[in-house]
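A.B. asks: This is data.txt (compact mmCIF, C-alpha atoms).
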```txt
# COMPACT_ATOMS: atom_id res chain seq x y z
CA MET J 288 -13.18 89.01 -82.11
CA ASN J 289 -11.86 91.68 -84.48
CA ARG J 290 -8.25 90.60 -84.46
CA ARG J 291 -6.91 87.14 -85.20
CA GLU J 292 -6.60 85.40 -81.87
CA VAL J 293 -3.83 82.91 -81.06
CA VAL J 294 -4.41 79.59 -79.32
CA TYR J 295 -1.49 77.41 -78.32
CA VAL J 296 -2.23 73.71 -78.66
CA VAL J 297 0.05 71.66 -76.45
CA SER J 298 0.41 67.88 -76.36
CA ASP J 299 2.81 65.20 -75.16
CA SER J 300 1.89 63.35 -78.34
CA VAL J 301 1.02 64.65 -81.83
CA GLY J 302 -1.70 67.07 -80.71
CA GLU J 303 -4.22 66.31 -83.44
CA THR J 304 -7.04 65.77 -80.94
CA ALA J 305 -6.50 69.13 -79.24
CA GLU J 306 -6.23 70.96 -82.55
CA PHE J 307 -9.45 69.40 -83.80
CA VAL J 308 -11.33 70.46 -80.67
CA VAL J 309 -9.97 74.01 -80.86
CA LYS J 310 -10.98 74.30 -84.50
CA ALA J 311 -14.47 73.03 -83.71
CA VAL J 312 -14.90 75.58 -80.91
CA SER J 313 -13.42 78.46 -82.90
CA THR J 314 -16.04 78.07 -85.64
CA GLN J 315 -18.65 79.14 -83.09
CA PHE J 316 -17.07 82.57 -82.73
CA ASN J 317 -15.45 84.00 -85.83
CA GLY J 318 -15.84 81.35 -88.42
CA GLY J 319 -12.72 79.52 -87.33
CA HIS J 320 -10.26 82.32 -88.07
CA VAL J 321 -7.97 81.51 -85.17
CA ASP J 322 -4.22 81.17 -85.36
CA ILE J 323 -3.62 77.73 -83.92
CA ARG J 324 -0.01 77.03 -83.00
CA ARG J 325 0.51 73.37 -82.31
CA ASN J 326 3.31 72.23 -80.00
CA SER J 327 3.71 68.48 -80.29
CA PHE J 328 5.68 65.95 -78.22
CA VAL J 329 6.13 68.25 -75.23
CA GLN J 330 8.20 66.19 -72.81
CA SER J 331 9.86 68.58 -70.37
CA GLU J 332 9.24 71.56 -68.11
CA GLU J 333 11.58 73.59 -70.33
CA ASP J 334 9.26 72.98 -73.29
CA ILE J 335 6.32 74.21 -71.22
CA ASP J 336 8.21 77.29 -69.99
CA GLU J 337 8.86 78.32 -73.59
CA ILE J 338 5.18 77.94 -74.52
CA ILE J 339 4.05 79.82 -71.40
CA ASN J 340 6.31 82.75 -72.27
CA MET J 341 4.96 82.97 -75.83
CA ALA J 342 1.35 82.70 -74.65
CA ARG J 343 1.92 85.44 -72.05
CA GLN J 344 3.31 87.85 -74.63
CA GLN J 345 0.27 87.44 -76.87
CA SER J 346 -2.33 87.06 -74.12
CA SER J 347 -3.29 83.69 -75.60
CA ILE J 348 -5.24 80.67 -74.49
CA ILE J 349 -3.49 77.31 -74.06
CA ALA J 350 -5.46 74.16 -74.87
CA TYR J 351 -3.66 70.96 -73.99
CA THR J 352 -3.88 67.19 -74.06
CA ILE J 353 -1.18 66.08 -71.65
CA VAL J 354 -1.57 62.75 -69.88
CA ILE J 355 1.76 62.67 -68.03
CA PRO J 356 0.73 63.79 -64.49
CA SER J 357 3.91 65.72 -63.64
CA LEU J 358 3.71 67.78 -66.85
CA LYS J 359 0.00 68.43 -66.41
CA GLU J 360 0.58 69.72 -62.88
CA TYR J 361 3.45 71.90 -64.07
CA ILE J 362 1.55 73.54 -66.93
CA ASP J 363 -1.42 74.21 -64.61
CA ARG J 364 0.84 75.76 -62.00
CA ARG J 365 2.84 77.92 -64.42
CA ALA J 366 -0.30 79.09 -66.24
CA ALA J 367 -1.88 80.11 -62.93
CA VAL J 368 1.21 82.09 -61.91
CA GLU J 369 1.27 83.93 -65.25
CA ASN J 370 -2.51 84.41 -65.26
CA ILE J 371 -2.89 82.46 -68.52
CA ARG J 372 -6.02 80.49 -69.30
CA ALA J 373 -4.97 76.85 -69.77
CA ILE J 374 -7.65 74.28 -70.54
CA ASP J 375 -7.14 70.57 -70.07
CA LEU J 376 -9.19 68.90 -72.81
CA LEU J 377 -8.78 65.35 -71.48
CA TYR J 378 -8.96 65.42 -67.67
CA PRO J 379 -12.74 65.88 -67.18
CA LEU J 380 -13.53 62.87 -69.37
CA MET J 381 -10.65 60.78 -68.02
CA ASN J 382 -11.84 61.53 -64.50
CA ALA J 383 -15.37 60.47 -65.43
CA PHE J 384 -14.01 57.21 -66.90
CA GLU J 385 -12.04 56.45 -63.73
CA GLU J 386 -15.03 57.11 -61.49
CA LYS J 387 -17.47 55.16 -63.65
CA PHE J 388 -15.30 52.16 -64.52
CA HIS J 389 -13.31 52.06 -61.25
CA ARG J 390 -10.10 51.88 -63.19
CA GLU J 391 -7.14 54.21 -63.32
CA ALA J 392 -5.87 55.66 -66.59
CA THR J 393 -2.46 54.51 -67.85
CA HIS J 394 -1.25 58.11 -68.31
CA ARG J 395 0.85 57.08 -71.30
CA SER J 396 1.19 59.49 -74.18
CA GLY J 397 0.84 58.51 -77.84
CA LEU J 398 -1.72 55.71 -77.38
CA MET J 399 -4.20 57.34 -79.78
CA ARG J 400 -1.51 57.54 -82.46
CA GLN J 401 -0.80 53.85 -81.96
CA LEU J 402 -4.48 53.09 -82.50
CA ASP J 403 -4.57 55.27 -85.61
CA ASP J 404 -1.46 53.59 -87.03
CA ASP J 405 -3.01 50.17 -86.42
CA TYR J 406 -6.25 51.24 -88.13
CA PHE J 407 -4.53 52.60 -91.24
CA ARG J 408 -2.30 49.53 -91.45
CA LYS J 409 -5.42 47.36 -91.56
CA VAL J 410 -7.04 49.57 -94.22
CA GLU J 411 -3.90 49.33 -96.33
CA ALA J 412 -3.82 45.55 -95.88
CA VAL J 413 -7.47 45.18 -96.94
CA GLU J 414 -6.85 47.29 -100.06
CA PHE J 415 -3.81 45.12 -100.82
CA ALA J 416 -5.84 41.91 -100.45
CA VAL J 417 -8.52 43.20 -102.82
CA LYS J 418 -5.97 44.33 -105.41
CA TYR J 419 -4.04 41.08 -105.41
CA ASP J 420 -6.94 38.66 -104.97
CA ASP J 421 -7.25 35.61 -107.21
CA GLY J 422 -3.91 36.17 -108.95
CA GLN J 423 -5.00 39.48 -110.52
CA ASP J 424 -1.51 40.93 -110.49
CA PRO J 425 1.37 38.50 -109.72
CA ARG J 426 3.69 41.40 -108.88
CA GLY J 427 1.85 41.66 -105.58
CA LEU J 428 3.34 38.33 -104.48
CA LEU J 429 6.72 40.02 -104.10
CA TYR J 430 5.35 42.57 -101.62
CA ALA J 431 2.91 40.37 -99.69
CA ASP J 432 3.40 39.31 -96.08
CA ILE J 433 1.50 36.11 -96.80
CA VAL J 434 0.78 34.29 -100.09
CA LEU J 435 -1.99 31.69 -100.33
CA ILE J 436 -2.17 29.11 -103.11
CA GLY J 437 -4.72 26.39 -103.79
CA VAL J 438 -7.46 25.20 -106.11
CA SER J 439 -10.78 26.99 -106.42
CA ARG J 440 -13.05 26.92 -103.33
CA THR J 441 -10.35 26.42 -100.70
CA SER J 442 -11.31 29.72 -98.98
CA LYS J 443 -8.37 31.71 -100.32
CA THR J 444 -10.29 34.97 -100.64
CA PRO J 445 -12.13 34.95 -97.27
CA LEU J 446 -8.90 33.88 -95.59
CA SER J 447 -7.03 36.72 -97.29
CA MET J 448 -9.58 39.24 -96.03
CA TYR J 449 -9.56 37.82 -92.51
CA LEU J 450 -5.78 38.09 -92.30
CA ALA J 451 -5.91 41.57 -93.85
CA HIS J 452 -8.13 42.73 -90.99
CA LYS J 453 -5.32 41.63 -88.70
CA GLY J 454 -2.92 43.88 -90.59
CA TYR J 455 -1.27 41.38 -92.95
CA LYS J 456 -0.86 42.06 -96.66
CA VAL J 457 -2.09 38.91 -98.35
CA ALA J 458 -2.08 37.86 -102.01
CA ASN J 459 -3.57 34.63 -103.30
CA VAL J 460 -3.15 32.60 -106.47
CA PRO J 461 -5.55 29.97 -107.81
CA LEU J 462 -3.88 26.81 -109.09
CA VAL J 463 -5.41 25.57 -112.35
CA PRO J 464 -3.83 22.81 -114.50
CA GLU J 465 -4.36 24.77 -117.72
CA VAL J 466 -2.65 27.92 -116.37
CA SER J 467 1.03 28.05 -115.41
CA PRO J 468 1.60 29.70 -112.02
CA PRO J 469 3.31 33.09 -112.15
CA GLU J 470 7.10 33.12 -111.99
CA GLU J 471 6.89 35.43 -108.97
CA LEU J 472 5.55 32.50 -106.95
CA PHE J 473 8.93 30.79 -107.16
CA LYS J 474 10.88 33.93 -106.26
CA ILE J 475 9.30 34.60 -102.87
CA LYS J 476 10.47 33.11 -99.59
CA LYS J 477 8.80 29.76 -99.15
CA ASN J 478 8.05 30.43 -95.48
CA LYS J 479 5.59 33.19 -96.36
CA CYS J 480 3.66 31.01 -98.82
CA PHE J 481 0.96 28.58 -97.68
CA GLY J 482 -0.67 25.85 -99.72
CA LEU J 483 -4.33 25.10 -98.99
CA ILE J 484 -5.53 21.58 -99.69
CA ILE J 485 -8.90 19.89 -99.21
CA THR J 486 -10.31 16.37 -99.50
CA PRO J 487 -11.97 15.45 -102.83
CA ASP J 488 -15.30 14.67 -101.10
CA LYS J 489 -15.43 18.01 -99.32
CA LEU J 490 -14.45 19.94 -102.44
CA ASN J 491 -17.02 18.06 -104.50
CA ALA J 492 -19.78 19.01 -102.06
CA ILE J 493 -18.70 22.65 -101.92
CA ARG J 494 -18.52 22.98 -105.70
CA LYS J 495 -21.91 21.36 -106.19
CA GLU J 496 -23.41 23.91 -103.80
CA ARG J 497 -21.63 26.70 -105.65
CA LEU J 498 -23.05 25.55 -108.99
CA LYS J 499 -26.50 25.27 -107.43
CA SER J 500 -26.31 28.84 -106.13
CA LEU J 501 -25.44 29.99 -109.66
CA GLY J 502 -28.40 28.09 -111.12
CA LEU J 503 -26.15 25.62 -112.96
CA THR J 504 -26.31 21.84 -113.09
CA SER J 505 -24.14 19.95 -110.61
CA GLN J 506 -23.02 17.71 -113.48
CA ALA J 507 -20.67 20.41 -114.81
CA SER J 508 -17.02 19.37 -115.06
CA TYR J 509 -16.16 21.97 -112.35
CA ALA J 510 -17.66 19.65 -109.73
CA SER J 511 -16.81 16.31 -111.31
CA TYR J 512 -14.65 13.93 -109.31
CA GLU J 513 -12.27 13.40 -112.22
CA ARG J 514 -11.68 17.13 -112.60
CA ILE J 515 -11.26 17.64 -108.85
CA LEU J 516 -8.65 14.88 -108.59
CA GLU J 517 -6.79 16.35 -111.54
CA GLU J 518 -6.71 19.82 -109.94
CA LEU J 519 -5.67 18.54 -106.51
CA ASP J 520 -2.86 16.47 -108.02
CA TYR J 521 -1.61 19.49 -109.98
CA ALA J 522 -1.83 21.75 -106.92
CA GLU J 523 0.15 19.28 -104.82
CA LYS J 524 2.96 19.25 -107.39
CA ILE J 525 3.13 23.06 -107.41
CA MET J 526 3.18 23.20 -103.61
CA LYS J 527 6.03 20.69 -103.48
CA ARG J 528 7.92 22.74 -106.05
CA VAL J 529 7.46 25.91 -103.99
CA GLY J 530 8.35 24.05 -100.80
CA CYS J 531 5.74 25.84 -98.71
CA PRO J 532 3.81 24.64 -95.64
CA VAL J 533 0.57 22.89 -96.57
CA ILE J 534 -2.66 23.17 -94.57
CA ASN J 535 -5.69 20.92 -94.93
CA VAL J 536 -8.73 23.20 -94.76
CA SER J 537 -11.34 20.45 -95.19
CA HIS J 538 -12.85 20.82 -91.73
CA LYS J 539 -11.43 24.17 -90.66
CA ALA J 540 -13.17 27.49 -90.32
CA VAL J 541 -11.37 30.50 -91.79
CA GLU J 542 -10.41 31.60 -88.27
CA GLU J 543 -8.82 28.23 -87.52
CA THR J 544 -6.78 28.24 -90.73
CA ALA J 545 -5.64 31.80 -90.03
CA SER J 546 -4.56 30.77 -86.55
CA VAL J 547 -2.47 27.92 -87.97
CA ILE J 548 -0.80 30.29 -90.45
CA LEU J 549 -0.01 32.90 -87.80
CA ASP J 550 1.37 30.23 -85.45
CA ILE J 551 3.69 28.99 -88.22
CA LEU J 552 4.87 32.54 -88.92
CA LYS J 553 5.43 33.16 -85.23
CA ASN J 554 7.48 29.98 -84.86
CA GLU J 555 9.52 30.85 -87.97
CA ARG J 556 10.43 34.24 -86.46
CA SER J 557 11.30 32.74 -83.07
CA TYR J 558 13.93 30.52 -84.70
CA LYS J 559 15.66 33.43 -86.41
```
Will you turn the file into structure tokens for me?
C.D. replies:
Amino acid sequence: MNRREVVYVVSDSVGETAEFVVKAVSTQFNGGHVDIRRNSFVQSEEDIDEIINMARQQSSIIAYTIVIPSLKEYIDRRAAVENIRAIDLLYPLMNAFEEKFHREATHRSGLMRQLDDDYFRKVEAVEFAVKYDDGQDPRGLLYADIVLIGVSRTSKTPLSMYLAHKGYKVANVPLVPEVSPPEELFKIKKNKCFGLIITPDKLNAIRKERLKSLGLTSQASYASYERILEELDYAEKIMKRVGCPVINVSHKAVEETASVILDILKNERSYK
């Protein structure tokens, strides 16, 4: 391959998959020095005719990922008439899937992009939850999809991460009597804030276990009944001031609490 060859990448979606495969193959010949010309979102026979004409003039290869049957048939037919090599990068594997799993492909374009968008949205949400965990930066409350408030050991952090993996940007704020809650908490819409409460007995047991895991005595004020009642009373007053829904997490797994929150959000949207 002395001259720089041209490969037309054609897709009814973005075309990233086809371009990646072409690049991988090209490295096996001339170190990847191939002129790849991507044609994305091809939706009509006219689009294909234009690509066929350009490929014919330069004696190029066409590599495509087209899942719409009518367009696939058309590009195969036109390429055969013009004696152009057109390679379907998806059909052999799709055919194998259909034969093995006894299920027909949907033949809808753009599904991979939808999956990618969903993945990156989750990554962004997880990064958000880490950045705005435990009241680290109150400015995050203004940009969060969900805000969690409650005393220590009410599962705010694990709940934030669980919801983040579902694509929600979550910030959480611990409520401590000695620390005034951030002003941002009272500026957000109350229907995106959720107060987490717990019974004194359950919280006492959880905190004693926490102190034990840290090698500390269970007699510390952190786990004392008097301190717990003080914190819960303070948290209740803040939640009433915010006017947010309150969820008792005493006997709920993180998944159950998340389900309650998402149901409330869903019902809120249905009334709008």
A.B. asks: One decimal, in Å: what's the spacing between atom CA of J:Glu292 and atom CA of J:Val321?
C.D. replies: 5.3 Å
A.B. asks: Tell me, as a list in words, which residues lie within 8 Å of stretch 475-481 of chain J, counting all atoms listed in the file; anything in the same chain fewer than 2 positions away does not count.
C.D. replies: Leu428, Leu429, Asp432, Ile433, Val434, Leu435, Ile436, Glu471, Leu472, Phe473, Leu483, Val529, Gly530, Cys531, Pro532, Val533, Ile534, Ile548, Leu552 and Glu555 of chain J
A.B. asks: Within 9 Å of J:Thr504, counting only C-alpha atoms, which residues qualify if same-chain residues fewer than 4 places away don't, as a PDB file with C-alpha atoms, keeping the file's coordinate frame?
C.D. replies:
```pdb
ATOM      1  CA  LYS J 495     -21.910  21.360-106.190  1.00  0.00           C
ATOM      2  CA  LEU J 498     -23.050  25.550-108.990  1.00  0.00           C
ATOM      3  CA  LYS J 499     -26.500  25.270-107.430  1.00  0.00           C
TER       4      LYS J 499
END
```
A.B. asks: Name the residues, using the chain letters and numbers of the file, that sit within 12 Å of (3.3, 80.4, -87.3) when counting all atoms listed in the file, and give them as a ChimeraX atom specification.
C.D. replies: /J:293-295,321-326,341
A.B. asks: Figure out the distance between atom CA of J:Asn459 and atom CA of J:Leu446, please, to one decimal in Å.
C.D. replies: 9.4 Å
A.B. asks: Which residue gives the smallest distance to J:Lys539 among J:Leu501, J:Val438, J:Ile484, J:Ile515, with all atoms listed in the file counted?
C.D. replies: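 The answer is J:Ile484, which sits nearest to J:Lys539.
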A.B. asks: When distances are computed from only C-alpha atoms, which of J:Lys456, J:Ala311, J:Glu543, J:Glu385 shows the smallest separation from J:Asp420?
C.D. replies: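 Of J:Lys456, J:Ala311, J:Glu543, J:Glu385, the one nearest J:Asp420, counting only C-alpha atoms, is J:Lys456.
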A.B. asks: If we count all atoms listed in the file, what is near stretch 333-340 of chain J at a cut-off of 9 Å, once residues fewer than 6 positions away on the same chain are taken out, given as a list in words?
C.D. replies: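 So, after excluding close chain neighbours, the residues are Tyr295, Val297, Asn326, Ile349, Leu358, Tyr361, Ile362, Arg365, Ala366, Glu369 and Ile371 of chain J.
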A.B. asks: For a quick check of understanding, using only C-alpha atoms, which of J:Arg426, J:Ser347, J:Val466, J:Pro445 has the smallest distance to J:Val541?
C.D. replies: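 Selected residue with least distance to J:Val541: J:Pro445.
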A.B. asks: What is the atom CA of J:Ser327-atom CA of J:Gly302 distance in Å, reported with one decimal?
C.D. replies: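 Distance reported for this atom pair: 5.6 Å.
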A.B. asks: Identify the residues within 10 Å of coordinate (4.2, 27.2, -111.7) (same frame as the file), considering all atoms listed in the file, and give the answer as a VMD selection string.
C.D. replies: chain J and resid 462 to 464 466 to 473 521 to 522 524 to 526 528 to 529
A.B. asks: Between J:Asn535, J:Tyr351, J:Leu549, J:Val457, which has the minimum distance to J:Glu523 (counting only C-alpha atoms)?
C.D. replies: J:Asn535
A.B. asks: Nearest to J:Gln330 among J:Asp363, J:Pro461, J:Lys553, J:Ser298, with distances taken over only C-alpha atoms: which residue is it?
C.D. replies: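 Smallest distance to J:Gln330 is found for J:Ser298.
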A.B. asks: Which one is closest to J:Thr304: J:Leu503, J:Leu376, J:Met381, J:Ala545? Count all atoms listed in the file.
C.D. replies: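 Closest candidate: J:Leu376.
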A.B. asks: Can you list, as a PyMOL selection string, every protein, DNA or RNA residue that comes within 10 Å of J:Asn491 when you count all atoms listed in the file, leaving out same-chain residues fewer than 4 positions away?
C.D. replies: chain J and resi 440+485-487+495-497+505+509-512+514-516
A.B. asks: Can you fill out stretch 417-446 of chain J with N, CA and C atoms and hand it back as a PDB file, in the frame of the given file?
C.D. replies:
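Just written: selection-v7.pdb:
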```
ATOM      1  N   VAL J 417      -7.564  43.050-101.723  1.00  0.00           N
ATOM      2  CA  VAL J 417      -8.520  43.200-102.820  1.00  0.00           C
ATOM      3  C   VAL J 417      -7.784  43.316-104.160  1.00  0.00           C
ATOM      4  N   LYS J 418      -6.720  44.096-104.174  1.00  0.00           N
ATOM      5  CA  LYS J 418      -5.970  44.330-105.410  1.00  0.00           C
ATOM      6  C   LYS J 418      -5.284  43.071-105.919  1.00  0.00           C
ATOM      7  N   TYR J 419      -4.800  42.253-104.991  1.00  0.00           N
ATOM      8  CA  TYR J 419      -4.040  41.080-105.410  1.00  0.00           C
ATOM      9  C   TYR J 419      -4.781  39.771-105.120  1.00  0.00           C
ATOM     10  N   ASP J 420      -6.101  39.847-105.159  1.00  0.00           N
ATOM     11  CA  ASP J 420      -6.940  38.660-104.970  1.00  0.00           C
ATOM     12  C   ASP J 420      -6.989  37.841-106.255  1.00  0.00           C
ATOM     13  N   ASP J 421      -7.016  36.539-106.098  1.00  0.00           N
ATOM     14  CA  ASP J 421      -7.250  35.610-107.210  1.00  0.00           C
ATOM     15  C   ASP J 421      -6.227  35.753-108.337  1.00  0.00           C
ATOM     16  N   GLY J 422      -4.983  36.096-107.971  1.00  0.00           N
ATOM     17  CA  GLY J 422      -3.910  36.170-108.950  1.00  0.00           C
ATOM     18  C   GLY J 422      -4.028  37.296-109.948  1.00  0.00           C
ATOM     19  N   GLN J 423      -4.767  38.380-109.576  1.00  0.00           N
ATOM     20  CA  GLN J 423      -5.000  39.480-110.520  1.00  0.00           C
ATOM     21  C   GLN J 423      -3.717  40.128-111.018  1.00  0.00           C
ATOM     22  N   ASP J 424      -2.777  40.306-110.107  1.00  0.00           N
ATOM     23  CA  ASP J 424      -1.510  40.930-110.490  1.00  0.00           C
ATOM     24  C   ASP J 424      -0.391  40.200-109.742  1.00  0.00           C
ATOM     25  N   PRO J 425       0.343  39.310-110.396  1.00  0.00           N
ATOM     26  CA  PRO J 425       1.370  38.500-109.720  1.00  0.00           C
ATOM     27  C   PRO J 425       2.491  39.317-109.092  1.00  0.00           C
ATOM     28  N   ARG J 426       2.644  40.566-109.486  1.00  0.00           N
ATOM     29  CA  ARG J 426       3.690  41.400-108.880  1.00  0.00           C
ATOM     30  C   ARG J 426       3.448  41.590-107.391  1.00  0.00           C
ATOM     31  N   GLY J 427       2.182  41.493-106.993  1.00  0.00           N
ATOM     32  CA  GLY J 427       1.850  41.660-105.580  1.00  0.00           C
ATOM     33  C   GLY J 427       2.451  40.581-104.692  1.00  0.00           C
ATOM     34  N   LEU J 428       2.763  39.422-105.270  1.00  0.00           N
ATOM     35  CA  LEU J 428       3.340  38.330-104.480  1.00  0.00           C
ATOM     36  C   LEU J 428       4.675  38.750-103.862  1.00  0.00           C
ATOM     37  N   LEU J 429       5.395  39.602-104.562  1.00  0.00           N
ATOM     38  CA  LEU J 429       6.720  40.020-104.100  1.00  0.00           C
ATOM     39  C   LEU J 429       6.644  40.955-102.894  1.00  0.00           C
ATOM     40  N   TYR J 430       5.494  41.589-102.703  1.00  0.00           N
ATOM     41  CA  TYR J 430       5.350  42.570-101.620  1.00  0.00           C
ATOM     42  C   TYR J 430       4.420  42.086-100.502  1.00  0.00           C
ATOM     43  N   ALA J 431       3.861  40.898-100.665  1.00  0.00           N
ATOM     44  CA  ALA J 431       2.910  40.370 -99.690  1.00  0.00           C
ATOM     45  C   ALA J 431       3.619  39.847 -98.440  1.00  0.00           C
ATOM     46  N   ASP J 432       2.923  39.938 -97.319  1.00  0.00           N
ATOM     47  CA  ASP J 432       3.400  39.310 -96.080  1.00  0.00           C
ATOM     48  C   ASP J 432       3.096  37.821 -96.106  1.00  0.00           C
ATOM     49  N   ILE J 433       1.965  37.494 -96.728  1.00  0.00           N
ATOM     50  CA  ILE J 433       1.500  36.110 -96.800  1.00  0.00           C
ATOM     51  C   ILE J 433       0.960  35.854 -98.206  1.00  0.00           C
ATOM     52  N   VAL J 434       1.296  34.686 -98.773  1.00  0.00           N
ATOM     53  CA  VAL J 434       0.780  34.290-100.090  1.00  0.00           C
ATOM     54  C   VAL J 434       0.040  32.961 -99.913  1.00  0.00           C
ATOM     55  N   LEU J 435      -1.181  32.905-100.417  1.00  0.00           N
ATOM     56  CA  LEU J 435      -1.990  31.690-100.330  1.00  0.00           C
ATOM     57  C   LEU J 435      -2.154  31.089-101.717  1.00  0.00           C
ATOM     58  N   ILE J 436      -1.965  29.784-101.831  1.00  0.00           N
ATOM     59  CA  ILE J 436      -2.170  29.110-103.110  1.00  0.00           C
ATOM     60  C   ILE J 436      -3.057  27.889-102.882  1.00  0.00           C
ATOM     61  N   GLY J 437      -3.838  27.546-103.893  1.00  0.00           N
ATOM     62  CA  GLY J 437      -4.720  26.390-103.790  1.00  0.00           C
ATOM     63  C   GLY J 437      -5.707  26.387-104.934  1.00  0.00           C
ATOM     64  N   VAL J 438      -6.452  25.293-105.055  1.00  0.00           N
ATOM     65  CA  VAL J 438      -7.460  25.200-106.110  1.00  0.00           C
ATOM     66  C   VAL J 438      -8.657  26.057-105.735  1.00  0.00           C
ATOM     67  N   SER J 439      -9.577  26.213-106.667  1.00  0.00           N
ATOM     68  CA  SER J 439     -10.780  26.990-106.420  1.00  0.00           C
ATOM     69  C   SER J 439     -11.622  26.399-105.297  1.00  0.00           C
ATOM     70  N   ARG J 440     -12.178  27.274-104.455  1.00  0.00           N
ATOM     71  CA  ARG J 440     -13.050  26.920-103.330  1.00  0.00           C
ATOM     72  C   ARG J 440     -12.302  26.352-102.138  1.00  0.00           C
ATOM     73  N   THR J 441     -11.084  26.799-101.922  1.00  0.00           N
ATOM     74  CA  THR J 441     -10.350  26.420-100.700  1.00  0.00           C
ATOM     75  C   THR J 441     -10.252  27.607 -99.739  1.00  0.00           C
ATOM     76  N   SER J 442     -11.175  28.562 -99.892  1.00  0.00           N
ATOM     77  CA  SER J 442     -11.310  29.720 -98.980  1.00  0.00           C
ATOM     78  C   SER J 442     -10.135  30.692 -99.048  1.00  0.00           C
ATOM     79  N   LYS J 443      -9.503  30.796-100.214  1.00  0.00           N
ATOM     80  CA  LYS J 443      -8.370  31.710-100.320  1.00  0.00           C
ATOM     81  C   LYS J 443      -8.776  33.168-100.107  1.00  0.00           C
ATOM     82  N   THR J 444      -9.871  33.572-100.754  1.00  0.00           N
ATOM     83  CA  THR J 444     -10.290  34.970-100.640  1.00  0.00           C
ATOM     84  C   THR J 444     -10.776  35.339 -99.246  1.00  0.00           C
ATOM     85  N   PRO J 445     -11.705  34.598 -98.632  1.00  0.00           N
ATOM     86  CA  PRO J 445     -12.130  34.950 -97.270  1.00  0.00           C
ATOM     87  C   PRO J 445     -10.977  34.897 -96.261  1.00  0.00           C
ATOM     88  N   LEU J 446     -10.051  33.971 -96.478  1.00  0.00           N
ATOM     89  CA  LEU J 446      -8.900  33.880 -95.590  1.00  0.00           C
ATOM     90  C   LEU J 446      -7.986  35.088 -95.765  1.00  0.00           C
TER      91      LEU J 446
END
```
